[in-house]
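**Student:** One structure, as structure tokens, below. Some questions next.
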Amino acid sequence: MDQRQLDWLTSKVAGDTNKWKIAFFHHPPFSGGRHGSDEQLRQVIHPLFIKSGVDVVFTGHDHFYERIKPQDGITYFVAGAGGKVRAGDVKESRLTAKAYDRDLSFMLVEFDKDEMHFQVISRKGETIDSGVIKRRN
């Protein structure tokens, strides 16, 4: 992420007046997968997300599903299991709340006032993970 991109992102999140602040991009700042956490990206954007009140972050890159335990109140998801899955790719860490790499999966997300309801479903119709995330104040 170069300075021009960081300046753009900083201005966008600072000027956002929506109740929910959600970011989505490719490389995960937190991940237990083969590619793993992009620690350089994390050092730059995680403090920005804390300061600007980001609630939830969706990423991909690693080919599986993983929900990271809230980091400073922000929930990070790796939702990369819609294409080719690499079974055995996720190495759960102390940061992992839930992980799944045995089959393709997708996420359903619904917002109701200050709650985000999510459900992760395998292609066989099994619920892999589900829950409710409260909006940060």
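We name chains A, B, ... following the order of the structure tokens; residues begin at 1 in each chain, and ligands are numbered from 1 as shown.
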Just want the 7 Å neighbourhood of Arg34 (chain A), counted on only C-alpha atoms, with same-chain residues fewer than 5 positions away dropped. Output as a short mmCIF file (atom, residue, chain, number, x, y, z; two decimals) with C-alpha atoms, in the first residue's frame.

**Tutor:**
data_model
loop_
_atom_site.label_atom_id
_atom_site.label_comp_id
_atom_site.auth_asym_id
_atom_site.auth_seq_id
_atom_site.Cartn_x
_atom_site.Cartn_y
_atom_site.Cartn_z
CA ASP A 62 -6.19 -17.54 1.31
CA ASP A 89 -4.21 -24.86 4.24
CA VAL A 90 -5.49 -23.22 7.38
#

**Student:** Looking only at the backbone, which of the residues in region 11-137 of chain A does DSSP tag as alpha helix (DSSP H), as a PyMOL selection string?

**Tutor:** chain A and resi 11-14+39-52

**Student:** For those residues, write C-alpha atoms to a file as a compact mmCIF listing (two decimals), in the first residue's frame.

**Tutor:**
# COMPACT_ATOMS: atom_id res chain seq x y z
CA SER A 11 -9.95 10.40 3.75
CA LYS A 12 -12.71 7.93 2.85
CA VAL A 13 -13.04 6.39 6.32
CA ALA A 14 -12.67 9.75 8.07
CA GLU A 39 1.83 -7.96 8.60
CA GLN A 40 3.04 -4.90 6.68
CA LEU A 41 -0.54 -4.15 5.65
CA ARG A 42 -1.73 -4.79 9.22
CA GLN A 43 0.75 -2.27 10.65
CA VAL A 44 -0.65 0.41 8.36
CA ILE A 45 -4.40 -0.21 8.24
CA HIS A 46 -5.30 -1.79 11.57
CA PRO A 47 -4.51 1.38 13.57
CA LEU A 48 -6.44 3.40 10.97
CA PHE A 49 -9.42 1.05 11.32
CA ILE A 50 -9.33 1.33 15.12
CA LYS A 51 -9.20 5.13 14.97
CA SER A 52 -11.94 5.45 12.36

**Student:** I'd like the neighbourhood of region 64-76 of chain A as a PDB file with N, CA and C atoms, in the first residue's frame, where a residue qualifies if any of its atoms comes within 9 Å (using only C-alpha atoms), though same-chain residues fewer than 4 positions away should be ignored.

**Tutor:**
ATOM      1  N   PRO A  28      -5.276 -10.500   3.567  1.00  0.00           N
ATOM      2  CA  PRO A  28      -5.730 -10.428   4.963  1.00  0.00           C
ATOM      3  C   PRO A  28      -4.641  -9.931   5.922  1.00  0.00           C
ATOM      4  N   PRO A  29      -4.980  -8.948   6.750  1.00  0.00           N
ATOM      5  CA  PRO A  29      -4.043  -8.532   7.783  1.00  0.00           C
ATOM      6  C   PRO A  29      -3.859  -9.598   8.861  1.00  0.00           C
ATOM      7  N   PHE A  30      -4.884 -10.441   9.024  1.00  0.00           N
ATOM      8  CA  PHE A  30      -4.837 -11.548   9.981  1.00  0.00           C
ATOM      9  C   PHE A  30      -5.297 -12.802   9.260  1.00  0.00           C
ATOM     10  N   SER A  31      -4.476 -13.854   9.264  1.00  0.00           N
ATOM     11  CA  SER A  31      -4.850 -15.118   8.627  1.00  0.00           C
ATOM     12  C   SER A  31      -3.942 -16.237   9.117  1.00  0.00           C
ATOM     13  N   GLY A  32      -4.536 -17.406   9.321  1.00  0.00           N
ATOM     14  CA  GLY A  32      -3.769 -18.578   9.716  1.00  0.00           C
ATOM     15  C   GLY A  32      -3.442 -19.469   8.540  1.00  0.00           C
ATOM     16  N   GLY A  33      -3.505 -18.945   7.333  1.00  0.00           N
ATOM     17  CA  GLY A  33      -3.340 -19.766   6.140  1.00  0.00           C
ATOM     18  C   GLY A  33      -1.949 -19.809   5.571  1.00  0.00           C
ATOM     19  N   HIS A  46      -4.592  -1.458  10.329  1.00  0.00           N
ATOM     20  CA  HIS A  46      -5.304  -1.793  11.574  1.00  0.00           C
ATOM     21  C   HIS A  46      -5.417  -0.579  12.504  1.00  0.00           C
ATOM     22  N   PHE A  49      -8.081   1.611  11.107  1.00  0.00           N
ATOM     23  CA  PHE A  49      -9.421   1.052  11.323  1.00  0.00           C
ATOM     24  C   PHE A  49      -9.878   1.256  12.765  1.00  0.00           C
ATOM     25  N   ILE A  50      -8.979   1.095  13.712  1.00  0.00           N
ATOM     26  CA  ILE A  50      -9.332   1.331  15.118  1.00  0.00           C
ATOM     27  C   ILE A  50      -9.775   2.782  15.296  1.00  0.00           C
ATOM     28  N   GLY A  53     -13.155   3.679  13.541  1.00  0.00           N
ATOM     29  CA  GLY A  53     -14.356   2.959  13.948  1.00  0.00           C
ATOM     30  C   GLY A  53     -14.830   1.881  12.999  1.00  0.00           C
ATOM     31  N   VAL A  54     -13.919   1.282  12.228  1.00  0.00           N
ATOM     32  CA  VAL A  54     -14.311   0.170  11.353  1.00  0.00           C
ATOM     33  C   VAL A  54     -14.790  -0.979  12.227  1.00  0.00           C
ATOM     34  N   ASP A  55     -15.904  -1.595  11.813  1.00  0.00           N
ATOM     35  CA  ASP A  55     -16.522  -2.677  12.579  1.00  0.00           C
ATOM     36  C   ASP A  55     -16.080  -4.059  12.118  1.00  0.00           C
ATOM     37  N   VAL A  56     -16.075  -4.259  10.798  1.00  0.00           N
ATOM     38  CA  VAL A  56     -15.854  -5.582  10.219  1.00  0.00           C
ATOM     39  C   VAL A  56     -14.977  -5.435   8.983  1.00  0.00           C
ATOM     40  N   VAL A  57     -14.092  -6.428   8.773  1.00  0.00           N
ATOM     41  CA  VAL A  57     -13.232  -6.449   7.596  1.00  0.00           C
ATOM     42  C   VAL A  57     -13.374  -7.814   6.924  1.00  0.00           C
ATOM     43  N   PHE A  58     -13.628  -7.798   5.611  1.00  0.00           N
ATOM     44  CA  PHE A  58     -13.709  -9.018   4.804  1.00  0.00           C
ATOM     45  C   PHE A  58     -12.530  -9.037   3.842  1.00  0.00           C
ATOM     46  N   THR A  59     -11.808 -10.166   3.808  1.00  0.00           N
ATOM     47  CA  THR A  59     -10.689 -10.332   2.892  1.00  0.00           C
ATOM     48  C   THR A  59     -10.788 -11.686   2.202  1.00  0.00           C
ATOM     49  N   GLY A  60      -9.829 -11.964   1.352  1.00  0.00           N
ATOM     50  CA  GLY A  60      -9.760 -13.243   0.645  1.00  0.00           C
ATOM     51  C   GLY A  60      -8.327 -13.736   0.656  1.00  0.00           C
ATOM     52  N   GLY A  80     -12.330 -16.749   1.464  1.00  0.00           N
ATOM     53  CA  GLY A  80     -11.724 -17.091   0.184  1.00  0.00           C
ATOM     54  C   GLY A  80     -12.042 -18.488  -0.285  1.00  0.00           C
ATOM     55  N   ALA A  81     -13.150 -19.067   0.194  1.00  0.00           N
ATOM     56  CA  ALA A  81     -13.462 -20.463  -0.130  1.00  0.00           C
ATOM     57  C   ALA A  81     -14.529 -20.591  -1.206  1.00  0.00           C
ATOM     58  N   GLY A  82     -14.678 -19.565  -2.045  1.00  0.00           N
ATOM     59  CA  GLY A  82     -15.663 -19.638  -3.115  1.00  0.00           C
ATOM     60  C   GLY A  82     -15.104 -20.214  -4.399  1.00  0.00           C
ATOM     61  N   GLY A  83     -13.811 -20.318  -4.488  1.00  0.00           N
ATOM     62  CA  GLY A  83     -13.157 -20.872  -5.675  1.00  0.00           C
ATOM     63  C   GLY A  83     -12.473 -22.172  -5.318  1.00  0.00           C
ATOM     64  N   LYS A  84     -11.247 -22.300  -5.702  1.00  0.00           N
ATOM     65  CA  LYS A  84     -10.487 -23.515  -5.400  1.00  0.00           C
ATOM     66  C   LYS A  84     -10.117 -23.538  -3.920  1.00  0.00           C
ATOM     67  N   VAL A  85     -10.514 -24.608  -3.244  1.00  0.00           N
ATOM     68  CA  VAL A  85     -10.178 -24.769  -1.823  1.00  0.00           C
ATOM     69  C   VAL A  85      -8.889 -25.563  -1.718  1.00  0.00           C
ATOM     70  N   ARG A  86      -8.065 -25.168  -0.795  1.00  0.00           N
ATOM     71  CA  ARG A  86      -6.829 -25.906  -0.529  1.00  0.00           C
ATOM     72  C   ARG A  86      -6.964 -26.558   0.834  1.00  0.00           C
ATOM     73  N   ALA A  87      -7.466 -27.783   0.840  1.00  0.00           N
ATOM     74  CA  ALA A  87      -7.680 -28.506   2.098  1.00  0.00           C
ATOM     75  C   ALA A  87      -6.379 -28.605   2.866  1.00  0.00           C
ATOM     76  N   ASP A  89      -4.959 -26.106   4.349  1.00  0.00           N
ATOM     77  CA  ASP A  89      -4.211 -24.857   4.237  1.00  0.00           C
ATOM     78  C   ASP A  89      -4.279 -23.994   5.484  1.00  0.00           C
ATOM     79  N   VAL A  90      -5.356 -24.089   6.222  1.00  0.00           N
ATOM     80  CA  VAL A  90      -5.489 -23.222   7.382  1.00  0.00           C
ATOM     81  C   VAL A  90      -4.823 -23.885   8.588  1.00  0.00           C
ATOM     82  N   GLU A  92      -4.828 -23.185  12.264  1.00  0.00           N
ATOM     83  CA  GLU A  92      -5.484 -22.369  13.282  1.00  0.00           C
ATOM     84  C   GLU A  92      -4.452 -21.847  14.276  1.00  0.00           C
ATOM     85  N   ARG A  94      -3.880 -18.805  17.714  1.00  0.00           N
ATOM     86  CA  ARG A  94      -4.574 -18.244  18.877  1.00  0.00           C
ATOM     87  C   ARG A  94      -5.560 -17.160  18.460  1.00  0.00           C
ATOM     88  N   LEU A  95      -5.435 -16.655  17.236  1.00  0.00           N
ATOM     89  CA  LEU A  95      -6.337 -15.629  16.720  1.00  0.00           C
ATOM     90  C   LEU A  95      -7.593 -16.206  16.079  1.00  0.00           C
ATOM     91  N   THR A  96      -7.578 -17.492  15.747  1.00  0.00           N
ATOM     92  CA  THR A  96      -8.687 -18.111  15.017  1.00  0.00           C
ATOM     93  C   THR A  96      -9.875 -18.369  15.927  1.00  0.00           C
ATOM     94  N   ALA A  97     -11.037 -17.845  15.518  1.00  0.00           N
ATOM     95  CA  ALA A  97     -12.288 -18.154  16.214  1.00  0.00           C
ATOM     96  C   ALA A  97     -12.939 -19.371  15.571  1.00  0.00           C
ATOM     97  N   LYS A  98     -12.881 -19.447  14.233  1.00  0.00           N
ATOM     98  CA  LYS A  98     -13.450 -20.575  13.490  1.00  0.00           C
ATOM     99  C   LYS A  98     -12.765 -20.632  12.138  1.00  0.00           C
ATOM    100  N   ALA A  99     -12.498 -21.839  11.660  1.00  0.00           N
ATOM    101  CA  ALA A  99     -11.874 -22.007  10.348  1.00  0.00           C
ATOM    102  C   ALA A  99     -12.452 -23.233   9.657  1.00  0.00           C
ATOM    103  N   TYR A 100     -12.439 -23.196   8.326  1.00  0.00           N
ATOM    104  CA  TYR A 100     -12.969 -24.312   7.530  1.00  0.00           C
ATOM    105  C   TYR A 100     -12.265 -24.311   6.185  1.00  0.00           C
ATOM    106  N   ASP A 101     -11.623 -25.442   5.870  1.00  0.00           N
ATOM    107  CA  ASP A 101     -10.920 -25.545   4.587  1.00  0.00           C
ATOM    108  C   ASP A 101     -11.145 -26.888   3.901  1.00  0.00           C
ATOM    109  N   ARG A 102     -12.223 -27.572   4.275  1.00  0.00           N
ATOM    110  CA  ARG A 102     -12.473 -28.901   3.699  1.00  0.00           C
ATOM    111  C   ARG A 102     -13.324 -28.876   2.436  1.00  0.00           C
ATOM    112  N   ASP A 103     -13.998 -27.755   2.176  1.00  0.00           N
ATOM    113  CA  ASP A 103     -14.876 -27.680   1.011  1.00  0.00           C
ATOM    114  C   ASP A 103     -15.154 -26.215   0.708  1.00  0.00           C
ATOM    115  N   LEU A 104     -15.783 -25.973  -0.435  1.00  0.00           N
ATOM    116  CA  LEU A 104     -16.204 -24.628  -0.801  1.00  0.00           C
ATOM    117  C   LEU A 104     -17.243 -24.134   0.190  1.00  0.00           C
ATOM    118  N   SER A 105     -17.291 -22.821   0.372  1.00  0.00           N
ATOM    119  CA  SER A 105     -18.297 -22.234   1.254  1.00  0.00           C
ATOM    120  C   SER A 105     -18.559 -20.801   0.814  1.00  0.00           C
ATOM    121  N   PHE A 106     -19.660 -20.259   1.314  1.00  0.00           N
ATOM    122  CA  PHE A 106     -19.995 -18.863   1.051  1.00  0.00           C
ATOM    123  C   PHE A 106     -20.612 -18.272   2.302  1.00  0.00           C
ATOM    124  N   VAL A 120     -22.108 -18.973   7.488  1.00  0.00           N
ATOM    125  CA  VAL A 120     -21.207 -19.524   6.479  1.00  0.00           C
ATOM    126  C   VAL A 120     -21.711 -20.919   6.160  1.00  0.00           C
ATOM    127  N   ASP A 129     -20.339 -21.892  10.214  1.00  0.00           N
ATOM    128  CA  ASP A 129     -20.164 -20.893  11.263  1.00  0.00           C
ATOM    129  C   ASP A 129     -21.341 -19.934  11.172  1.00  0.00           C
ATOM    130  N   ILE A 133     -22.569 -10.041  15.246  1.00  0.00           N
ATOM    131  CA  ILE A 133     -21.542  -9.076  15.617  1.00  0.00           C
ATOM    132  C   ILE A 133     -22.240  -7.761  15.904  1.00  0.00           C
ATOM    133  N   ARG A 136     -19.591  -1.456  16.658  1.00  0.00           N
ATOM    134  CA  ARG A 136     -18.785  -0.710  17.636  1.00  0.00           C
ATOM    135  C   ARG A 136     -19.389   0.677  17.810  1.00  0.00           C
TER     136      ARG A 136
END

**Student:** Which parts of chain A does DSSP call strand (DSSP E) when run on the backbone here, written out as a ChimeraX atom specification?

**Tutor:** /A:22-24,56-59,65-68,75-79,96-100,105-112,115-122,127-134

**Student:** Could you check the closest approach to Met107 (chain A) for each of A:Ile121, A:Val132, A:Leu9, A:Val78 and tell me which residue wins, using only C-alpha atoms?

**Tutor:**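 Of A:Ile121, A:Val132, A:Leu9, A:Val78, the one nearest Met107 (chain A), counting only C-alpha atoms, is A:Ile121.
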
**Student:** I'd like the contact shell of Val109 (chain A) - 10 Å cut-off, only C-alpha atoms, skipping same-chain residues fewer than 6 positions apart - returned as a compact mmCIF listing (two decimals) with C-alpha atoms, in the first residue's frame.

**Tutor:**
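For reference, selection.txt as written:
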# COMPACT_ATOMS: atom_id res chain seq x y z
CA MET A 116 -24.64 -8.02 11.79
CA HIS A 117 -25.90 -11.59 11.46
CA PHE A 118 -23.67 -13.95 9.50
CA GLN A 119 -23.84 -17.54 8.37
CA VAL A 120 -21.21 -19.52 6.48
CA SER A 130 -22.76 -18.34 12.30
CA GLY A 131 -23.17 -15.55 14.76
CA VAL A 132 -23.98 -11.96 15.50

**Student:** What does the distance from CA of Asp114 (chain A) to CA of Ile22 (chain A) come to in Å, to one decimal?

**Tutor:**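 Separation of CA of Asp114 (chain A) and CA of Ile22 (chain A): 13.0 Å.
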
**Student:** So, counting only C-alpha atoms, which residue among A:Arg135, A:Leu6, A:Lys124, A:Leu108 is closest to Trp20 (chain A)?

**Tutor:**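 With only C-alpha atoms as the atom set, the closest residue is A:Arg135.
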